[in-house]
file input-v9.cif (mmCIF, C-alpha atoms)
data_upload
#
loop_
_atom_site.label_atom_id
_atom_site.label_comp_id
_atom_site.auth_asym_id
_atom_site.auth_seq_id
_atom_site.Cartn_x
_atom_site.Cartn_y
_atom_site.Cartn_z
CA MET Q 14 3.31 -8.57 11.72
CA SER Q 15 2.04 -10.77 8.89
CA LEU Q 16 4.07 -11.53 5.78
CA VAL Q 17 1.66 -9.45 3.71
CA GLU Q 18 2.26 -6.45 5.99
CA LEU Q 19 6.03 -6.93 5.90
CA ILE Q 20 6.04 -6.92 2.10
CA ALA Q 21 3.81 -3.82 2.03
CA GLN Q 22 6.27 -1.95 4.28
CA ALA Q 23 9.53 -3.17 2.73
CA ASP Q 24 11.88 -0.81 0.92
CA GLU Q 25 13.35 -1.45 -2.51
CA ARG Q 26 16.29 -3.53 -1.24
CA GLY Q 27 14.03 -5.55 1.07
CA LEU Q 28 11.64 -6.28 -1.78
CA ALA Q 29 14.45 -7.31 -4.13
CA ALA Q 30 15.99 -9.56 -1.46
CA SER Q 31 12.61 -11.03 -0.55
CA GLY Q 32 11.80 -12.04 -4.13
CA LEU Q 33 15.37 -13.16 -4.79
CA ALA Q 34 15.42 -15.27 -1.62
CA CYS Q 35 12.20 -17.04 -2.64
CA LEU Q 36 13.66 -17.71 -6.08
CA ASP Q 37 17.00 -18.78 -4.60
CA ARG Q 38 15.36 -21.36 -2.35
CA CYS Q 39 13.62 -22.84 -5.43
CA VAL Q 40 16.77 -22.96 -7.62
CA PRO Q 41 17.03 -26.78 -7.25
CA LEU Q 42 13.87 -27.03 -9.36
CA LEU Q 43 15.57 -25.00 -12.10
CA GLY Q 44 18.77 -27.02 -12.27
CA GLY Q 45 20.88 -24.40 -10.49
CA ASP Q 46 23.52 -24.77 -7.82
CA ASP Q 47 24.42 -22.81 -4.69
CA GLU Q 48 26.35 -20.18 -6.66
CA THR Q 49 23.86 -19.51 -9.48
CA LEU Q 50 22.23 -16.45 -7.92
CA ARG Q 51 25.20 -15.26 -5.83
CA PRO Q 52 26.08 -12.46 -8.32
CA VAL Q 53 22.46 -11.22 -8.21
CA TRP Q 54 22.67 -11.11 -4.40
CA ALA Q 55 25.88 -9.06 -4.74
CA SER Q 56 24.00 -6.52 -6.85
CA LEU Q 57 21.93 -5.62 -3.76
CA GLY Q 58 24.95 -4.23 -1.89
CA ASP Q 59 25.63 -0.51 -1.51
CA ASP Q 60 28.67 -0.70 -3.76
CA ALA Q 61 26.75 -2.19 -6.71
CA GLY Q 62 26.18 -0.08 -9.80
CA ASP Q 63 22.74 0.91 -11.03
CA GLY Q 64 22.51 -1.60 -13.86
CA GLU Q 65 24.10 -4.56 -12.07
CA TRP Q 66 20.80 -6.03 -10.86
CA GLY Q 67 19.39 -6.37 -14.39
CA GLU Q 68 22.67 -7.58 -15.92
CA ARG Q 69 23.29 -10.21 -13.27
CA LEU Q 70 19.67 -11.33 -13.34
CA GLU Q 71 19.90 -11.90 -17.10
CA GLN Q 72 23.14 -13.88 -16.65
CA ALA Q 73 21.40 -16.06 -14.07
CA ARG Q 74 18.46 -16.65 -16.42
CA CYS Q 75 20.89 -17.91 -19.06
CA LYS Q 76 22.47 -20.35 -16.57
CA LEU Q 77 19.20 -21.80 -15.34
CA ASP Q 78 17.10 -24.30 -17.22
CA ALA Q 79 14.68 -21.98 -18.99
CA ALA Q 80 12.65 -24.69 -20.70
CA GLY Q 81 9.87 -24.56 -18.15
CA ALA Q 82 9.04 -28.24 -18.66
CA GLY Q 83 8.03 -30.21 -15.65
CA ASP Q 84 5.43 -30.38 -12.99
CA GLU Q 85 3.53 -27.52 -11.36
CA ALA Q 86 6.32 -26.78 -8.86
CA VAL Q 87 8.89 -26.40 -11.65
CA THR Q 88 6.49 -24.22 -13.65
CA LEU Q 89 5.98 -21.92 -10.65
CA ALA Q 90 9.75 -21.60 -10.15
CA HIS Q 91 10.21 -20.69 -13.84
CA ARG Q 92 7.53 -18.02 -13.54
CA MET Q 93 9.36 -16.46 -10.60
CA LEU Q 94 12.58 -16.32 -12.61
CA GLU Q 95 10.95 -14.93 -15.74
CA ALA Q 96 8.88 -12.34 -13.86
CA ALA Q 97 11.87 -10.77 -12.10
CA PRO Q 98 11.97 -7.09 -13.10
CA ALA Q 99 15.07 -5.90 -14.93
CA GLU Q 100 14.99 -2.61 -13.04
CA ARG Q 101 15.18 -2.24 -9.29
CA SER Q 102 12.16 0.00 -8.77
CA ALA Q 103 9.99 -0.37 -5.68
CA THR Q 104 6.76 -0.69 -7.70
CA GLY Q 105 7.94 -3.55 -9.92
CA LEU Q 106 9.79 -5.25 -7.10
CA ARG Q 107 6.78 -5.14 -4.76
CA VAL Q 108 4.60 -6.97 -7.30
CA TRP Q 109 7.39 -9.48 -7.96
CA ALA Q 110 8.22 -10.06 -4.27
CA ASP Q 111 4.56 -10.62 -3.50
CA ALA Q 112 4.14 -13.07 -6.41
CA CYS Q 113 7.37 -14.89 -5.43
CA SER Q 114 6.13 -15.23 -1.87
CA VAL Q 115 2.92 -16.88 -3.03
CA ALA Q 116 4.69 -19.07 -5.61
CA SER Q 117 7.36 -20.24 -3.18
CA LEU Q 118 4.82 -21.13 -0.51
CA GLN Q 119 2.77 -22.97 -3.12
CA ILE Q 120 5.86 -24.87 -4.31
CA HIS Q 121 6.63 -25.92 -0.75
CA ARG Q 122 3.01 -26.94 -0.28
CA LEU Q 123 3.10 -29.08 -3.43
CA LEU Q 124 6.32 -30.78 -2.36
CA ASP Q 125 5.36 -31.37 1.27
CA THR Q 126 4.32 -34.93 2.06
CA ALA Q 127 2.22 -33.65 4.97
CA GLN Q 128 -1.17 -32.13 4.24
CA ASP Q 129 -1.70 -28.39 4.76
CA GLU Q 130 -5.22 -27.77 6.05
CA ALA Q 131 -5.64 -24.30 4.50
CA SER Q 132 -7.45 -23.93 1.19
CA SER Q 133 -4.72 -21.58 -0.09
CA VAL Q 134 -1.38 -20.09 0.95
CA ASP Q 135 -2.97 -16.63 1.23
CA SER Q 136 -4.25 -17.32 4.72
CA ARG Q 137 -0.71 -18.37 5.74
CA ARG Q 138 0.71 -15.10 4.47
CA GLU Q 139 -1.91 -13.21 6.49
CA GLY Q 140 -0.85 -14.97 9.69
CA ARG Q 141 -3.30 -17.85 10.05
CA THR Q 142 -1.01 -20.80 10.74
CA ASP Q 143 -3.21 -23.49 12.35
CA GLY Q 144 -2.79 -26.87 10.66
CA MET Q 145 0.16 -25.71 8.55
CA SER Q 146 2.38 -28.41 7.08
CA PRO Q 147 6.04 -28.41 8.23
CA LEU Q 148 7.63 -27.51 4.90
CA VAL Q 149 5.22 -24.59 4.35
CA ALA Q 150 5.72 -23.41 7.94
CA ALA Q 151 9.50 -23.38 7.48
CA GLU Q 152 9.22 -21.46 4.19
CA LEU Q 153 6.87 -18.91 5.75
CA ARG Q 154 9.30 -18.44 8.64
CA ARG Q 155 12.20 -17.91 6.22
CA GLN Q 156 10.27 -15.31 4.23
CA VAL Q 157 9.45 -13.39 7.41
CA ILE Q 158 13.05 -13.55 8.66
CA VAL Q 159 14.44 -12.18 5.38
CA LEU Q 160 12.10 -9.19 5.45
CA GLU Q 161 12.63 -8.51 9.16
CA VAL Q 162 16.43 -8.72 8.88
CA LEU Q 163 16.53 -6.30 5.97
CA ALA Q 164 14.06 -3.90 7.60
CA GLY Q 165 16.12 -3.88 10.78
CA HIS Q 166 19.65 -3.92 9.38
CA GLY Q 167 19.50 -2.63 5.79
CA PRO Q 168 22.47 -3.71 3.65
CA ALA Q 169 24.12 -5.33 6.69
CA GLY Q 170 21.19 -7.78 6.77
CA LEU Q 171 21.97 -9.16 3.31
CA ARG Q 172 24.41 -11.72 4.68
CA ARG Q 173 21.81 -13.13 7.11
CA ALA Q 174 19.16 -13.11 4.38
CA LEU Q 175 21.49 -15.10 2.13
CA GLU Q 176 22.20 -17.58 4.97
CA VAL Q 177 18.47 -18.11 5.50
CA SER Q 178 17.99 -18.61 1.78
CA THR Q 179 20.89 -21.07 1.56
CA GLU Q 180 19.43 -23.13 4.41
CA GLY Q 181 16.05 -23.22 2.66
CA ARG Q 182 17.62 -24.17 -0.67
CA ARG Q 183 19.36 -27.13 0.93
CA VAL Q 184 16.11 -28.28 2.50
CA LEU Q 185 14.26 -28.03 -0.81
CA ARG Q 186 17.11 -29.78 -2.64
CA ALA Q 187 16.77 -32.71 -0.20
CA VAL Q 188 12.99 -32.78 -0.69
CA VAL Q 189 13.36 -32.74 -4.48
CA SER Q 190 15.99 -35.48 -4.32
CA ARG Q 191 13.85 -37.69 -2.08
CA ARG Q 192 10.84 -37.09 -4.33
CA SER Q 193 12.73 -38.08 -7.48
CA ARG Q 194 13.99 -41.29 -5.81
CA GLN Q 195 10.43 -42.18 -4.84
CA GLN Q 196 9.12 -41.53 -8.34
CA GLY Q 197 12.01 -43.25 -10.10
#
call {"tool": "encode", "arguments": {"input": "input-v9.cif", "output": "structure tokens"}}
result
Amino acid sequence: MSLVELIAQADERGLAASGLACLDRCVPLLGGDDETLRPVWASLGDDAGDGEWGERLEQARCKLDAAGAGDEAVTLAHRMLEAAPAERSATGLRVWADACSVASLQIHRLLDTAQDEASSVDSRREGRTDGMSPLVAAELRRQVIVLEVLAGHGPAGLRRALEVSTEGRRVLRAVVSRRSRQQG
């Protein structure tokens, strides 16, 4: 199943986790650390109250560099953060998760030193993967895993989704660090 199809079929929790995972992997661009979005992840559990998602999201926004200054990758990461819906409704989350998927793939494409042969990330999301650059391929795989784990395991899949996101964040942090050393 393509990433586009997985997002279309995801439930509210899957959509929230999908968008949050994309944002979480891009946190190094926003000046955040490994714990910045952890409270927002906790708001996806069954024991979380109705308003916790919005409250914890706002707290995370305050912790992250909200200036939006920087290159295109940083700008895309800021847009993901700012576009996150305050309410956990399937309609708003579906639009956000879809936009985060595109933005995160585009960020990885911008930061990858290898060339991606596709004209846009849309074809990647639809399943056409020939000539895909390694960083984009890994991000696409992570997005698919997060949605599949949550579809198959519900709240029990949150831990695995967070692990996948943490792995991706560390990879992106290394890429950003290497890039800044090369530019500096």
call {"tool": "residues_around", "arguments": {"input": "input-v9.cif", "residues": "Arg173 in chain Q", "least_positions_apart": "2", "cutoff": "12 Å", "atoms": "only C-alpha atoms", "output": "list in words"}}
result
Ala30, Ala34, Trp54, Arg155, Ile158, Val159, Leu160, Glu161, Val162, Leu163, Gly165, His166, Gly167, Pro168, Ala169, Gly170, Leu171, Leu175, Glu176, Val177, Ser178, Thr179 and Glu180 of chain Q
call {"tool": "residues_around", "arguments": {"input": "input-v9.cif", "residues": "range 82-95 of chain Q", "least_positions_apart": "2", "cutoff": "8 Å", "atoms": "only C-alpha atoms", "output": "mmCIF file with C-alpha atoms, keeping the file's coordinate frame"}}
result
data_model
loop_
_atom_site.group_PDB
_atom_site.id
_atom_site.type_symbol
_atom_site.label_atom_id
_atom_site.label_comp_id
_atom_site.auth_asym_id
_atom_site.auth_seq_id
_atom_site.Cartn_x
_atom_site.Cartn_y
_atom_site.Cartn_z
ATOM 1 C CA LEU Q 36 13.660 -17.710 -6.080
ATOM 2 C CA CYS Q 39 13.620 -22.840 -5.430
ATOM 3 C CA VAL Q 40 16.770 -22.960 -7.620
ATOM 4 C CA LEU Q 42 13.870 -27.030 -9.360
ATOM 5 C CA LEU Q 43 15.570 -25.000 -12.100
ATOM 6 C CA ARG Q 74 18.460 -16.650 -16.420
ATOM 7 C CA ALA Q 79 14.680 -21.980 -18.990
ATOM 8 C CA ALA Q 80 12.650 -24.690 -20.700
ATOM 9 C CA ALA Q 97 11.870 -10.770 -12.100
ATOM 10 C CA TRP Q 109 7.390 -9.480 -7.960
ATOM 11 C CA ALA Q 112 4.140 -13.070 -6.410
ATOM 12 C CA CYS Q 113 7.370 -14.890 -5.430
ATOM 13 C CA ALA Q 116 4.690 -19.070 -5.610
ATOM 14 C CA SER Q 117 7.360 -20.240 -3.180
ATOM 15 C CA GLN Q 119 2.770 -22.970 -3.120
ATOM 16 C CA ILE Q 120 5.860 -24.870 -4.310
ATOM 17 C CA LEU Q 123 3.100 -29.080 -3.430
ATOM 18 C CA LEU Q 124 6.320 -30.780 -2.360
#
call {"tool": "closest_residue", "arguments": {"input": "input-v9.cif", "among": "Q:Asp125, Q:Glu68, Q:Asp135, Q:Asp63", "to": "Leu50 in chain Q", "atoms": "only C-alpha atoms"}}
result
Q:Glu68
call {"tool": "atom_distance", "arguments": {"input": "input-v9.cif", "atom1": "CA of Ala164 in chain Q", "atom2": "CA of Gln22 in chain Q"}}
result
8.7 Å
call {"tool": "residues_around", "arguments": {"input": "input-v9.cif", "residues": "Ala151 in chain Q", "least_positions_apart": "5", "cutoff": "12 Å", "atoms": "all atoms listed in the file", "output": "ChimeraX atom specification"}}
result
/Q:38,117-118,121-122,125,137,142,145-146,156-158,177-178,180-182,184-185
call {"tool": "closest_residue", "arguments": {"input": "input-v9.cif", "among": "Q:Arg107, Q:Arg141, Q:Arg172, Q:Arg26", "to": "Leu57 in chain Q", "atoms": "only C-alpha atoms"}}
result
Q:Arg26
call {"tool": "resolve_selection", "arguments": {"input": "input-v9.cif", "expression": "the PyMOL selection byres ((chain Q and resi 108) around 12)", "output": "list in words"}}
result
Val17, Ile20, Ala21, Ala23, Glu25, Leu28, Ala29, Ser31, Gly32, Met93, Ala96, Ala97, Pro98, Arg101, Ser102, Ala103, Thr104, Gly105, Leu106, Arg107, Trp109, Ala110, Asp111, Ala112, Cys113, Ser114 and Val115 of chain Q
call {"tool": "atom_distance", "arguments": {"input": "input-v9.cif", "atom1": "CA of Gly62 in chain Q", "atom2": "CA of Cys35 in chain Q"}}
result
23.1 Å
call {"tool": "closest_residue", "arguments": {"input": "input-v9.cif", "among": "Q:Ala61, Q:Gly44, Q:Gly144, Q:Asp24", "to": "Cys75 in chain Q", "atoms": "all atoms listed in the file"}}
result
Q:Gly44
call {"tool": "closest_residue", "arguments": {"input": "input-v9.cif", "among": "Q:Ala131, Q:Val188, Q:Leu33, Q:Leu77", "to": "Gly45 in chain Q", "atoms": "all atoms listed in the file"}}
result
Q:Leu77
call {"tool": "closest_residue", "arguments": {"input": "input-v9.cif", "among": "Q:Ser56, Q:Thr49, Q:Thr126, Q:Ser15", "to": "Gly140 in chain Q", "atoms": "all atoms listed in the file"}}
result
Q:Ser15
call {"tool": "closest_residue", "arguments": {"input": "input-v9.cif", "among": "Q:Ser132, Q:Pro41, Q:Arg192, Q:Ala99", "to": "Arg69 in chain Q", "atoms": "only C-alpha atoms"}}
result
Q:Ala99
call {"tool": "atom_distance", "arguments": {"input": "input-v9.cif", "atom1": "CA of Gln195 in chain Q", "atom2": "CA of Pro147 in chain Q"}}
result
19.5 Å
